[in-house]
Every structure is written in C-alpha cells, then in structure tokens.
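Chemist: Just query-v1.cif, nothing more (mmCIF, C-alpha atoms):
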data_query
#
loop_
_atom_site.label_atom_id
_atom_site.label_comp_id
_atom_site.auth_asym_id
_atom_site.auth_seq_id
_atom_site.Cartn_x
_atom_site.Cartn_y
_atom_site.Cartn_z
CA MET A 1 -29.17 41.70 -12.38
CA LEU A 2 -25.96 41.15 -10.40
CA LYS A 3 -28.00 39.71 -7.54
CA SER A 4 -29.61 37.19 -9.90
CA ILE A 5 -26.22 36.17 -11.31
CA LYS A 6 -24.81 35.75 -7.80
CA HIS A 7 -27.82 33.68 -6.77
CA PHE A 8 -27.38 31.51 -9.87
CA LEU A 9 -23.66 30.94 -9.21
CA VAL A 10 -24.30 30.10 -5.55
CA GLY A 11 -26.89 27.56 -6.69
CA ILE A 12 -24.41 25.92 -9.05
CA LEU A 13 -21.73 25.83 -6.35
CA LEU A 14 -24.23 24.44 -3.86
CA GLY A 15 -25.06 21.59 -6.23
CA ALA A 16 -21.41 20.94 -6.98
CA SER A 17 -20.54 21.05 -3.29
CA THR A 18 -23.21 18.54 -2.35
CA ALA A 19 -22.34 16.19 -5.20
CA THR A 20 -18.60 16.35 -4.45
CA ALA A 21 -19.15 15.79 -0.73
CA LEU A 22 -21.32 12.73 -1.33
CA ALA A 23 -18.89 11.38 -3.95
CA MET A 24 -15.88 11.75 -1.63
CA VAL A 25 -17.58 9.80 1.15
CA ALA A 26 -18.83 7.10 -1.24
CA VAL A 27 -15.44 6.71 -2.90
CA GLY A 28 -13.71 6.69 0.50
CA TYR A 29 -15.62 3.57 1.50
CA SER A 30 -15.50 1.87 -1.90
CA ASP A 31 -12.86 -0.48 -0.47
CA ARG A 32 -15.79 -2.56 0.83
CA LEU A 33 -16.77 -3.43 -2.76
CA ASP A 34 -15.50 -6.83 -3.86
CA PRO A 35 -13.96 -6.50 -7.36
CA VAL A 36 -15.38 -9.92 -8.23
CA ASP A 37 -18.88 -8.43 -7.99
CA HIS A 38 -18.08 -4.82 -8.91
CA PRO A 39 -14.92 -4.84 -11.07
CA LEU A 40 -15.11 -1.23 -12.29
CA LEU A 41 -16.59 0.34 -9.16
CA ALA A 42 -13.77 -1.22 -7.13
CA CYS A 43 -11.35 1.04 -9.04
CA LEU A 44 -12.97 4.18 -7.59
CA GLY A 45 -10.54 4.28 -4.68
CA MET A 46 -7.82 5.51 -7.03
CA THR A 47 -9.79 8.77 -7.51
CA PHE A 48 -10.10 9.53 -3.78
CA PRO A 49 -7.34 12.19 -3.63
CA PHE A 50 -9.04 14.19 -6.40
CA PHE A 51 -12.29 14.38 -4.42
CA VAL A 52 -10.40 15.41 -1.28
CA VAL A 53 -8.74 18.27 -3.18
CA ALA A 54 -12.05 19.27 -4.79
CA ASN A 55 -13.73 19.46 -1.38
CA LEU A 56 -10.88 21.56 -0.04
CA VAL A 57 -11.27 24.01 -2.93
CA ILE A 58 -15.03 24.21 -2.37
CA LEU A 59 -14.48 24.73 1.35
CA VAL A 60 -12.25 27.72 0.60
CA LEU A 61 -14.86 29.13 -1.79
CA TRP A 62 -17.59 28.88 0.84
CA VAL A 63 -15.34 30.56 3.39
CA LEU A 64 -14.74 33.43 0.98
CA PHE A 65 -18.25 33.88 -0.40
CA LYS A 66 -20.95 32.12 1.67
CA TRP A 67 -20.06 31.12 5.20
CA LYS A 68 -23.36 29.40 5.96
CA TYR A 69 -22.58 26.54 3.53
CA VAL A 70 -19.15 25.57 4.89
CA TRP A 71 -20.87 22.78 6.81
CA ILE A 72 -21.27 20.75 3.59
CA PRO A 73 -17.55 20.03 2.91
CA LEU A 74 -16.80 19.98 6.65
CA LEU A 75 -19.43 17.30 7.24
CA ALA A 76 -18.04 15.32 4.31
CA PHE A 77 -14.54 15.47 5.81
CA ALA A 78 -15.94 14.27 9.13
CA PHE A 79 -17.69 11.27 7.54
CA ALA A 80 -14.60 10.49 5.44
CA TYR A 81 -12.18 10.70 8.37
CA VAL A 82 -11.29 6.98 8.25
CA PRO A 83 -10.41 6.81 4.52
CA ILE A 84 -8.58 10.15 4.76
CA ARG A 85 -6.54 8.79 7.67
CA ASN A 86 -5.85 5.59 5.76
CA TYR A 87 -4.68 7.54 2.72
CA ALA A 88 -2.70 10.37 4.30
CA PRO A 89 -2.59 10.29 8.12
CA ILE A 90 -1.15 13.14 10.14
CA HIS A 91 0.86 12.07 13.15
CA PHE A 92 3.84 13.80 14.65
CA GLY A 93 6.76 11.73 15.86
CA SER A 94 6.46 10.29 19.35
CA GLU A 95 9.29 8.84 21.36
CA LYS A 96 9.69 5.13 20.77
CA PRO A 97 9.86 2.96 23.89
CA LYS A 98 12.71 0.56 24.42
CA ASP A 99 12.64 -3.10 23.47
CA CYS A 100 10.69 -2.62 20.25
CA ILE A 101 10.80 -5.01 17.30
CA LYS A 102 11.76 -3.10 14.19
CA ILE A 103 10.40 -4.52 10.95
CA MET A 104 10.96 -3.49 7.35
CA SER A 105 9.16 -4.45 4.15
CA TYR A 106 10.87 -3.74 0.84
CA ASN A 107 10.18 -4.68 -2.77
CA VAL A 108 13.71 -4.59 -4.20
CA CYS A 109 12.70 -5.22 -7.85
CA GLY A 110 15.22 -8.04 -8.20
CA TYR A 111 18.00 -5.71 -7.02
CA GLY A 112 17.85 -4.04 -10.43
CA GLY A 113 18.85 -0.62 -9.16
CA ASN A 114 15.84 1.26 -10.56
CA PHE A 115 18.01 2.27 -13.55
CA ARG A 116 20.07 4.46 -11.21
CA TYR A 117 22.52 2.09 -9.57
CA ASP A 118 24.87 -0.38 -11.22
CA ASN A 119 25.66 -2.29 -8.06
CA ALA A 120 22.24 -2.09 -6.43
CA TYR A 121 22.64 -5.19 -4.30
CA ASP A 122 25.55 -3.74 -2.33
CA THR A 123 23.72 -0.41 -2.12
CA ILE A 124 20.53 -1.97 -0.76
CA TYR A 125 22.42 -4.22 1.63
CA SER A 126 24.35 -1.21 3.01
CA TYR A 127 21.06 0.62 3.43
CA LEU A 128 19.50 -2.28 5.34
CA LYS A 129 22.49 -2.39 7.69
CA LYS A 130 22.02 1.33 8.37
CA VAL A 131 18.28 0.99 9.10
CA ASP A 132 19.12 -1.92 11.44
CA ALA A 133 15.71 -3.63 11.45
CA ASP A 134 15.27 -6.86 13.39
CA ILE A 135 13.14 -8.43 10.65
CA VAL A 136 13.40 -7.60 6.95
CA CYS A 137 10.76 -8.90 4.54
CA ILE A 138 11.77 -8.70 0.88
CA GLN A 139 9.60 -8.99 -2.21
CA GLU A 140 10.97 -9.68 -5.70
CA GLU A 141 14.18 -10.89 -4.11
CA GLN A 142 15.12 -13.14 -7.00
CA ASN A 143 18.50 -12.45 -8.55
CA THR A 144 20.35 -15.46 -9.95
CA LYS A 145 23.70 -13.64 -9.99
CA ILE A 146 24.04 -13.56 -6.22
CA ASN A 147 23.53 -15.80 -3.24
CA GLN A 148 21.33 -13.70 -0.99
CA LEU A 149 21.33 -16.09 1.94
CA THR A 150 25.11 -16.18 2.22
CA PHE A 151 25.37 -12.43 1.76
CA PHE A 152 22.83 -11.57 4.45
CA LYS A 153 24.30 -13.88 7.06
CA ASP A 154 26.84 -11.18 7.91
CA THR A 155 23.99 -9.25 9.57
CA TYR A 156 21.08 -11.68 9.94
CA PRO A 157 21.71 -15.19 11.29
CA TYR A 158 18.33 -16.51 10.08
CA ASN A 159 17.43 -16.24 6.39
CA ASP A 160 15.03 -17.86 3.98
CA THR A 161 13.80 -17.35 0.41
CA VAL A 162 10.68 -18.88 -1.15
CA HIS A 163 10.27 -18.85 -4.92
CA VAL A 164 6.59 -18.15 -5.53
CA SER A 165 6.66 -18.18 -9.34
CA ILE A 166 5.29 -21.22 -11.12
CA PRO A 167 8.14 -22.93 -13.03
CA GLY A 168 8.20 -21.80 -16.63
CA SER A 169 6.44 -18.48 -16.02
CA VAL A 170 7.87 -15.40 -17.74
CA ASN A 171 8.42 -13.41 -14.55
CA ILE A 172 10.46 -14.73 -11.64
CA ASN A 173 9.52 -13.74 -8.12
CA ALA A 174 10.68 -14.73 -4.65
CA LEU A 175 9.83 -13.69 -1.12
CA GLY A 176 12.60 -13.48 1.42
CA ILE A 177 12.98 -12.93 5.13
CA HIS A 178 16.12 -11.93 7.03
CA SER A 179 15.74 -12.12 10.78
CA ARG A 180 17.55 -11.86 14.08
CA TYR A 181 15.03 -14.32 15.47
CA PRO A 182 15.07 -18.06 14.69
CA ILE A 183 12.72 -19.28 11.94
CA VAL A 184 10.75 -22.16 13.46
CA LYS A 185 8.82 -23.07 10.31
CA LYS A 186 7.18 -21.57 7.23
CA GLU A 187 3.94 -22.12 5.33
CA ARG A 188 2.86 -21.03 1.89
CA ILE A 189 -0.66 -19.54 1.97
CA ASP A 190 -2.74 -21.39 -0.57
CA TYR A 191 -4.01 -19.40 -3.55
CA LYS A 192 -3.47 -19.61 -7.29
CA SER A 193 -1.12 -17.18 -9.01
CA LEU A 194 1.54 -17.48 -11.68
CA THR A 195 4.11 -15.19 -10.11
CA ASN A 196 2.82 -14.01 -6.74
CA GLY A 197 2.45 -15.47 -3.29
CA SER A 198 2.25 -15.11 0.47
CA VAL A 199 4.44 -16.91 3.00
CA ALA A 200 3.85 -17.20 6.75
CA TYR A 201 7.05 -17.42 8.76
CA TYR A 202 6.94 -18.58 12.38
CA LEU A 203 9.66 -16.80 14.35
CA GLN A 204 10.80 -17.57 17.87
CA VAL A 205 10.90 -14.18 19.64
CA ASP A 206 12.02 -14.75 23.21
CA ASP A 207 9.35 -17.05 24.66
CA ASP A 208 6.75 -16.29 22.00
CA THR A 209 6.08 -17.52 18.49
CA VAL A 210 5.32 -14.62 16.14
CA ILE A 211 3.86 -15.18 12.67
CA VAL A 212 5.22 -12.81 10.04
CA ILE A 213 3.30 -12.97 6.75
CA ASN A 214 5.21 -11.64 3.76
CA ASN A 215 3.04 -10.87 0.70
CA HIS A 216 3.40 -10.01 -2.93
CA LEU A 217 -0.14 -9.71 -4.31
CA GLU A 218 -1.12 -9.59 -7.96
CA SER A 219 0.55 -6.91 -10.09
CA THR A 220 -1.48 -4.50 -12.22
CA HIS A 221 0.02 -6.17 -15.33
CA LEU A 222 0.48 -2.82 -17.06
CA SER A 223 3.13 -2.89 -19.78
CA LEU A 224 5.61 -0.07 -20.33
CA ASP A 225 3.45 1.07 -23.27
CA ASP A 226 0.35 1.07 -21.06
CA ARG A 227 2.11 3.22 -18.48
CA GLN A 228 3.39 5.64 -21.11
CA ARG A 229 -0.07 6.08 -22.64
CA TYR A 230 -1.53 6.64 -19.19
CA LYS A 231 0.99 9.43 -18.58
CA GLU A 232 0.03 10.98 -21.92
CA VAL A 233 -3.61 10.96 -20.85
CA LEU A 234 -2.70 12.72 -17.59
CA ARG A 235 -0.70 15.33 -19.47
CA GLY A 236 -3.54 15.97 -21.92
CA ASN A 237 -1.46 14.88 -24.92
CA MET A 238 -4.29 12.79 -26.43
CA GLU A 239 -7.41 13.71 -28.31
CA ARG A 240 -10.56 13.40 -26.24
CA ASP A 241 -11.91 10.25 -27.96
CA ALA A 242 -8.52 8.54 -27.80
CA ALA A 243 -8.10 9.53 -24.14
CA GLU A 244 -11.51 8.13 -23.23
CA GLU A 245 -10.78 4.86 -25.04
CA GLU A 246 -7.38 4.58 -23.39
CA THR A 247 -8.90 5.27 -19.96
CA LEU A 248 -11.48 2.51 -20.41
CA LEU A 249 -8.81 0.02 -21.50
CA LEU A 250 -6.70 0.97 -18.51
CA LEU A 251 -9.63 0.55 -16.13
CA GLU A 252 -10.37 -2.90 -17.56
CA LYS A 253 -6.78 -4.03 -16.95
CA LEU A 254 -6.75 -2.58 -13.46
CA SER A 255 -10.09 -4.16 -12.57
CA ASP A 256 -8.95 -7.55 -13.91
CA ALA A 257 -5.92 -7.38 -11.61
CA MET A 258 -8.14 -6.34 -8.69
CA VAL A 259 -10.31 -9.40 -9.26
CA LEU A 260 -7.23 -11.61 -8.94
CA ARG A 261 -6.08 -9.76 -5.83
CA SER A 262 -9.51 -10.23 -4.29
CA SER A 263 -9.12 -14.01 -3.97
CA GLU A 264 -5.51 -13.62 -2.79
CA ALA A 265 -6.50 -11.10 -0.11
CA LYS A 266 -9.35 -13.34 1.06
CA ALA A 267 -6.94 -16.27 1.39
CA VAL A 268 -4.52 -14.20 3.47
CA HIS A 269 -7.36 -12.88 5.63
CA GLN A 270 -8.63 -16.42 6.24
CA TYR A 271 -5.15 -17.55 7.26
CA ILE A 272 -4.98 -14.64 9.70
CA GLU A 273 -8.40 -15.54 11.14
CA ASN A 274 -7.28 -19.14 11.61
CA HIS A 275 -4.19 -18.06 13.56
CA ARG A 276 -5.50 -15.24 15.77
CA GLN A 277 -4.00 -16.93 18.82
CA TYR A 278 -0.53 -15.93 17.60
CA PRO A 279 1.04 -12.47 17.58
CA LEU A 280 0.83 -11.44 13.91
CA ILE A 281 2.79 -9.12 11.66
CA VAL A 282 1.58 -8.81 8.07
CA CYS A 283 3.47 -6.85 5.45
CA GLY A 284 4.43 -6.63 1.81
CA ASP A 285 3.63 -5.28 -1.62
CA PHE A 286 -0.16 -5.33 -2.06
CA ASN A 287 -0.08 -3.60 -5.46
CA ASP A 288 -3.14 -1.61 -4.41
CA THR A 289 -3.96 1.78 -2.93
CA PRO A 290 -4.96 2.61 0.66
CA ILE A 291 -8.60 2.70 -0.55
CA SER A 292 -8.81 -0.81 -1.98
CA PHE A 293 -10.53 -4.11 -1.28
CA ALA A 294 -7.19 -5.93 -0.96
CA ARG A 295 -5.85 -3.63 1.75
CA HIS A 296 -9.18 -3.50 3.58
CA THR A 297 -9.65 -7.28 3.52
CA VAL A 298 -6.15 -8.20 4.72
CA GLY A 299 -6.19 -5.45 7.34
CA GLN A 300 -9.48 -6.43 9.02
CA GLY A 301 -8.92 -6.79 12.74
CA LEU A 302 -5.31 -5.59 12.46
CA HIS A 303 -3.58 -2.27 13.03
CA ASP A 304 -2.43 -0.47 9.89
CA CYS A 305 0.88 0.77 11.26
CA TYR A 306 1.28 3.61 8.79
CA ALA A 307 -2.32 4.85 9.14
CA GLU A 308 -1.94 4.88 12.93
CA THR A 309 1.55 6.36 13.27
CA GLY A 310 2.69 7.72 9.88
CA CYS A 311 2.48 11.19 8.40
CA GLY A 312 1.48 12.20 4.86
CA PRO A 313 0.63 10.02 1.85
CA GLY A 314 3.69 7.79 2.37
CA ILE A 315 4.25 7.14 -1.32
CA SER A 316 5.92 3.75 -1.67
CA TYR A 317 5.73 3.26 -5.45
CA ASN A 318 7.92 5.92 -6.96
CA LYS A 319 7.31 5.73 -10.71
CA LYS A 320 6.01 9.04 -12.07
CA GLY A 321 2.28 9.06 -12.72
CA PHE A 322 1.71 6.14 -10.34
CA ASN A 323 2.85 7.71 -7.07
CA VAL A 324 0.89 6.03 -4.30
CA ARG A 325 1.36 3.83 -1.24
CA ILE A 326 0.98 0.16 -2.14
CA ASP A 327 3.28 -1.32 0.55
CA TYR A 328 1.98 -1.94 4.07
CA ILE A 329 2.75 -3.20 7.55
CA PHE A 330 -0.05 -4.48 9.82
CA CYS A 331 0.10 -5.96 13.30
CA SER A 332 -2.26 -7.68 15.73
CA ASP A 333 -3.30 -6.32 19.14
CA HIS A 334 -0.23 -8.01 20.64
CA PHE A 335 1.76 -4.97 19.47
CA GLN A 336 1.57 -1.19 19.62
CA PRO A 337 3.05 0.40 16.45
CA TYR A 338 5.37 3.40 16.57
CA ASP A 339 6.95 5.65 13.97
CA CYS A 340 5.98 3.89 10.73
CA GLN A 341 7.77 5.53 7.82
CA VAL A 342 8.16 5.21 4.07
CA ASP A 343 11.68 6.27 3.11
CA SER A 344 11.32 8.32 -0.09
CA LYS A 345 15.09 8.92 -0.25
CA ALA A 346 15.87 5.24 -0.73
CA ASP A 347 15.49 5.19 -4.51
CA TYR A 348 17.30 1.89 -5.13
CA SER A 349 14.13 0.20 -6.42
CA ASP A 350 10.83 1.22 -7.99
CA HIS A 351 9.44 0.86 -4.45
CA ASN A 352 10.41 2.81 -1.37
CA PRO A 353 10.92 0.73 1.79
CA ILE A 354 8.45 0.92 4.68
CA TYR A 355 9.47 0.22 8.28
CA CYS A 356 7.97 0.42 11.75
CA SER A 357 8.75 -0.24 15.42
CA LEU A 358 6.43 -2.55 17.35
CA LYS A 359 6.15 -2.66 21.14
CA TRP A 360 4.73 -5.71 22.87
CA THR A 361 1.39 -5.06 24.59
CA LYS A 362 0.48 -8.68 25.37
CA LYS A 363 2.83 -11.45 26.40
#
Using structure tokens, write down the structure from this file.
Modeler:
Amino acid sequence: MLKSIKHFLVGILLGASTATALAMVAVGYSDRLDPVDHPLLACLGMTFPFFVVANLVILVLWVLFKWKYVWIPLLAFAFAYVPIRNYAPIHFGSEKPKDCIKIMSYNVCGYGGNFRYDNAYDTIYSYLKKVDADIVCIQEEQNTKINQLTFFKDTYPYNDTVHVSIPGSVNINALGIHSRYPIVKKERIDYKSLTNGSVAYYLQVDDDTVIVINNHLESTHLSLDDRQRYKEVLRGNMERDAAEEETLLLLEKLSDAMVLRSSEAKAVHQYIENHRQYPLIVCGDFNDTPISFARHTVGQGLHDCYAETGCGPGISYNKKGFNVRIDYIFCSDHFQPYDCQVDSKADYSDHNPIYCSLKWTKK
C-alpha cells in the first residue's frame, strides 16, 4: 500500500517537474515575442522568478527523495542560463582598470523625494557628486521650480535637457544629460509618444565621438488604485472571482503598454543599427523587466552591463509589490563593462540609480 502511494506521489512530482522545467525555459525566452503579435504572452516574462523558485524547490525534493530525477530541473537551469543571468546574474567584484568612463542612469521622478525627502533636489545632487560619474543620464528631470542646468554646472560643464512630453499632455517629462565631455550635437529618436522619448547625445571623448542614448520608454500606465488592487491580489485579500477579474484587467493594461513600448524599442534599435560605426552607450528607464521584448530588442548586439558584471536581481524600481529591475545600461563592443551596480540605498526617488564603469577596448 505504502509502495503504491509513494509510486503515485513520485509520478505526480515527475509530471510537475517536467511541466515546470519546460515552462521556465519557455518563459525565459518569451522576450522574443513581439507584444504587437502576442500581447498577453509577452507578459509571461514577469512570472519568470516564480518558475525559477519552483524549479529550485523541485530540485531539493528530488535530491531528498529520488536522486535519479534531479537531471530534469538541472537541465532546465542549463537551458535557461541566459534568462537567469539576465534576471539575476552572479558576479563578484573585480578590480576596475584605470581610465574608465563612469556612467550613471537615474530616473529622479521629477526630484519629488519619493515622499521621504522635502529637499530632494539637493539630496540627489549631493549623491551624484559623491558617486562622481563622468556622464549622468536623467529621466523625469522636469521640475519647474529649479534651473537644473545652472545647478549642475558646479560639477558638470556640459548639460542639456530635452522635454519629450507633447505640449498640453497631463504628465511632464524631460530627459537630461550632465557630462564632463563636450556635447557635440543631439538628436531625438523618432517615435510617437505623449510623454516619453529617446535622445541620442554625441559626446566628444578625447579623439572619439561617443553616442549616448538616454531613454524613457512607455510607462505601464497603472494608477494608484490599480497598484493598490494588485497588492491586495498578491496578499490574498480578494475573493477568487474578484482576484481573477482584477488580474485579467491588470494584464490587459500591462500588455497595452508593452505594445506601445514595442514600437519605441524597435525605433531605438534601428537608430543603433544605423550608427554602429560609433562607440555606443544606451541607458535609461525601459519600464520593463529583464525578460521583456523591449529590453531584448534594444540590447541586441550590445553588452548588458548589469547582466555581465552585476550581482543579484538589481532591483531598480523600489515600490512594494513591483520590485524589479527596469533601468539598464548597455554598451557596444568598443567598451568592456566593469562593476555595474544598482544602488538600493539611494531611496530619493521611486527608482534606484544604476551605474557602471566602461573601459575602452577599441580606439
């Protein structure tokens, strides 16, 4: 009798293990799905961490009860190495060489202070001086109460801000750059959006012209009420029918935003392809997870600096219930990235800043 029960339970676990392994690999590579063609399936990347944890649990169960089946989750982890590395890489700090370019990307949320700081502008500016990056790319820089360009000139001799919002739109957004290298020219990457944009800055770095593309891609457009209801679903505070309905509504909103980001990401990728002859640095707030079409599309042919040198999930959006990395730094083969970090202690915005050191490999 006990033998039959054990055999039955092993059979159930074997089925669950196989299904979970296949699902983890499939979800891990769902960033190849264009949301325009597969709006709901493109959202699968958000579930990737759950499948990773589930496979880890099953791996432990096989180790404890049936060694000969450990190959199932192990094989799944091997096939899903790339998405796992993209989501939560494991690298230990290596010594940075001299003469690196240090770049930071930071969504400052209009210097609003994340409801913690009354004088967030001074706080953020002091933080930037401490980090001492050579190039700082800012998203949501707009704040009509201050003159950012004048303020930043104490540290950065070259500054520029581009308002990407369409006049009359409800939200106001601007992209800024603060640099120790001269700004030769700038170009707005052409795509339609009410409040988002991408700007290519041409910087004179010694004898080279480096293109730095600062991005703020489409937001998820979730209201405060949407976010609160989502948290209630996660906590199990809703009835099953209500939770299912709320989840479907949430997925529809997220997929709609992903569709908009799809065209934006394609436009940025095309701009990159058209300027491959230049050293390229691409950064900003992508408003999407490490397993997403937007990140995959923009990052094609580039080095994801955090995936290659960072450690851990690198959570850059710090609102509870939405903790994930949505801010990125990429570079072309002209650079070797070192020590890319997301600073979780810098809680002056709803985003945490990301920064990296880049060493020239081609001159």
Chemist: Starting from the displayed file, determine the output of the PyMOL selection byres ((chain A and resi 52) around 9) and express the residue list as a PDB file with C-alpha atoms, keeping the file's coordinate frame.
Modeler:
ATOM      1  CA  THR A  20     -18.600  16.350  -4.450  1.00  0.00           C
ATOM      2  CA  ALA A  21     -19.150  15.790  -0.730  1.00  0.00           C
ATOM      3  CA  MET A  24     -15.880  11.750  -1.630  1.00  0.00           C
ATOM      4  CA  PHE A  48     -10.100   9.530  -3.780  1.00  0.00           C
ATOM      5  CA  PRO A  49      -7.340  12.190  -3.630  1.00  0.00           C
ATOM      6  CA  PHE A  50      -9.040  14.190  -6.400  1.00  0.00           C
ATOM      7  CA  PHE A  51     -12.290  14.380  -4.420  1.00  0.00           C
ATOM      8  CA  VAL A  53      -8.740  18.270  -3.180  1.00  0.00           C
ATOM      9  CA  ALA A  54     -12.050  19.270  -4.790  1.00  0.00           C
ATOM     10  CA  ASN A  55     -13.730  19.460  -1.380  1.00  0.00           C
ATOM     11  CA  LEU A  56     -10.880  21.560  -0.040  1.00  0.00           C
ATOM     12  CA  VAL A  57     -11.270  24.010  -2.930  1.00  0.00           C
ATOM     13  CA  PHE A  77     -14.540  15.470   5.810  1.00  0.00           C
ATOM     14  CA  ILE A  84      -8.580  10.150   4.760  1.00  0.00           C
TER      15      ILE A  84
END
Chemist: Taking a cut-off of 12 Å and counting only C-alpha atoms, can you build a table that, for each residue of stretch 90-128 of chain A near stretch 195-208 of chain A, reports the nearest atom pair and how far apart they are in Å (one decimal), sorted by chain then residue number, as a tab-separated table?
Modeler:
residue	atom	partner	partner_atom	distance
A:Asp99	CA	A:Asp206	CA	11.7
A:Cys100	CA	A:Val205	CA	11.6
A:Ile101	CA	A:Val205	CA	9.5
Chemist: Would you put the residues from that selection into a file with C-alpha atoms, as a PDB file, in the coordinates of the input?
Modeler:
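So result26.pdb came out as:
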ATOM      1  CA  ASP A  99      12.640  -3.100  23.470  1.00  0.00           C
ATOM      2  CA  CYS A 100      10.690  -2.620  20.250  1.00  0.00           C
ATOM      3  CA  ILE A 101      10.800  -5.010  17.300  1.00  0.00           C
TER       4      ILE A 101
END
Chemist: Rank nothing, just name the residue among A:Leu59, A:Asn214, A:Asn352, A:Arg116 nearest to A:Val162, using all atoms listed in the file.
Modeler: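 Closest residue, counting all atoms listed in the file: A:Asn214.
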Chemist: A:Leu217: which residues within 9 Å, counting all atoms listed in the file, same-chain residues fewer than 5 positions away excluded, as JSON, numbers by chain?
Modeler: {"A": [193, 196, 197, 198, 260, 261, 264, 265, 284, 285, 286, 287, 288, 294]}
Chemist: Skip A:Phe330 itself and residues of its chain fewer than 2 positions away, then list as a PyMOL selection string all residues within 12 Å of it, counting all atoms listed in the file.
Modeler: chain A and resi 103-105+211-215+269+272+279-284+286+295-309+327-328+332-338+340+354-358
Chemist: Under the rule that all atoms listed in the file are counted, which of A:Asn159, A:Gln270, A:Thr220, A:Asn173 is the nearest residue to A:Glu252?
Modeler: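 Checking each candidate against A:Glu252, we get A:Thr220 as the closest.
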Chemist: For the structure shown, which residues end up in the PyMOL selection byres ((chain A and resi 93) around 8)? Put them as number ranges by chain, please?
Modeler: A: 91-92, 94-95, 309, 339
Chemist: Neighbours of A:Asn323 within 10 Å (all atoms listed in the file; same-chain residues fewer than 3 positions away dropped), as a PDB file with C-alpha atoms, keeping the file's coordinate frame?
Modeler:
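Wrote it out as result.pdb, contents follow:
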ATOM      1  CA  THR A 289      -3.960   1.780  -2.930  1.00  0.00           C
ATOM      2  CA  PRO A 313       0.630  10.020   1.850  1.00  0.00           C
ATOM      3  CA  GLY A 314       3.690   7.790   2.370  1.00  0.00           C
ATOM      4  CA  ILE A 315       4.250   7.140  -1.320  1.00  0.00           C
ATOM      5  CA  SER A 316       5.920   3.750  -1.670  1.00  0.00           C
ATOM      6  CA  TYR A 317       5.730   3.260  -5.450  1.00  0.00           C
ATOM      7  CA  ASN A 318       7.920   5.920  -6.960  1.00  0.00           C
ATOM      8  CA  LYS A 319       7.310   5.730 -10.710  1.00  0.00           C
ATOM      9  CA  LYS A 320       6.010   9.040 -12.070  1.00  0.00           C
ATOM     10  CA  ILE A 326       0.980   0.160  -2.140  1.00  0.00           C
ATOM     11  CA  HIS A 351       9.440   0.860  -4.450  1.00  0.00           C
TER      12      HIS A 351
END
Chemist: Which residues are near stretch 125-138 of chain A? Cut-off 6 Å, only C-alpha atoms, ignore same chain within fewer than 6 positions. Put them as a PyMOL selection string.
Modeler: chain A and resi 102-107+175-180
Chemist: In Å, how far is it from atom CA of A:Phe8 to atom CA of A:Leu61?
Modeler: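 Straight-line distance from atom CA of A:Phe8 to atom CA of A:Leu61 works out to 15.1 Å.
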Chemist: What does the structure give for the distance between atom CA of A:Leu9 and atom CA of A:Thr47, in Å to one decimal?
Modeler: 26.2 Å
Chemist: Name the residues captured by the PyMOL selection byres ((chain A and resi 293) around 8) when it is applied to the shown file; answer as an mmCIF file with C-alpha atoms, in the coordinates of the input.
Modeler:
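Below is the file part38.cif, written as the result:
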data_model
loop_
_atom_site.group_PDB
_atom_site.id
_atom_site.type_symbol
_atom_site.label_atom_id
_atom_site.label_comp_id
_atom_site.auth_asym_id
_atom_site.auth_seq_id
_atom_site.Cartn_x
_atom_site.Cartn_y
_atom_site.Cartn_z
ATOM 1 C CA SER A 30 -15.500 1.870 -1.900
ATOM 2 C CA ASP A 31 -12.860 -0.480 -0.470
ATOM 3 C CA ARG A 32 -15.790 -2.560 0.830
ATOM 4 C CA LEU A 33 -16.770 -3.430 -2.760
ATOM 5 C CA ASP A 34 -15.500 -6.830 -3.860
ATOM 6 C CA PRO A 35 -13.960 -6.500 -7.360
ATOM 7 C CA ALA A 42 -13.770 -1.220 -7.130
ATOM 8 C CA SER A 262 -9.510 -10.230 -4.290
ATOM 9 C CA ILE A 291 -8.600 2.700 -0.550
ATOM 10 C CA SER A 292 -8.810 -0.810 -1.980
ATOM 11 C CA ALA A 294 -7.190 -5.930 -0.960
ATOM 12 C CA ARG A 295 -5.850 -3.630 1.750
ATOM 13 C CA HIS A 296 -9.180 -3.500 3.580
ATOM 14 C CA THR A 297 -9.650 -7.280 3.520
#
Chemist: Rounded to one decimal in Å, what is the spacing between atom CA of A:His216 and atom CA of A:Leu249?
Modeler: 24.4 Å
Chemist: For A:Leu41, which of A:Ser219, A:Gln277, A:Ser255, A:Ser4 is the closest residue, counting only C-alpha atoms?
Modeler: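 Smallest distance to A:Leu41 is found for A:Ser255.
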Chemist: I'd like to know which of A:Asp347, A:Ile5, A:Arg325, A:Lys359 is closest to A:Tyr111, using all atoms listed in the file.
Modeler: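 Smallest separation from A:Tyr111 among the options: A:Asp347.
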Chemist: Using only C-alpha atoms for the distances, tell me which of A:Ala16, A:Ile124, A:Met46, A:Leu248 is nearest to A:Tyr87.
Modeler: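 Closest candidate: A:Met46.
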Chemist: Between A:Trp67, A:Ser349, A:Ile90, A:Trp360, which is the closest to A:Thr123 once you count only C-alpha atoms?
Modeler: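 Closest to A:Thr123, using only C-alpha atoms: A:Ser349.
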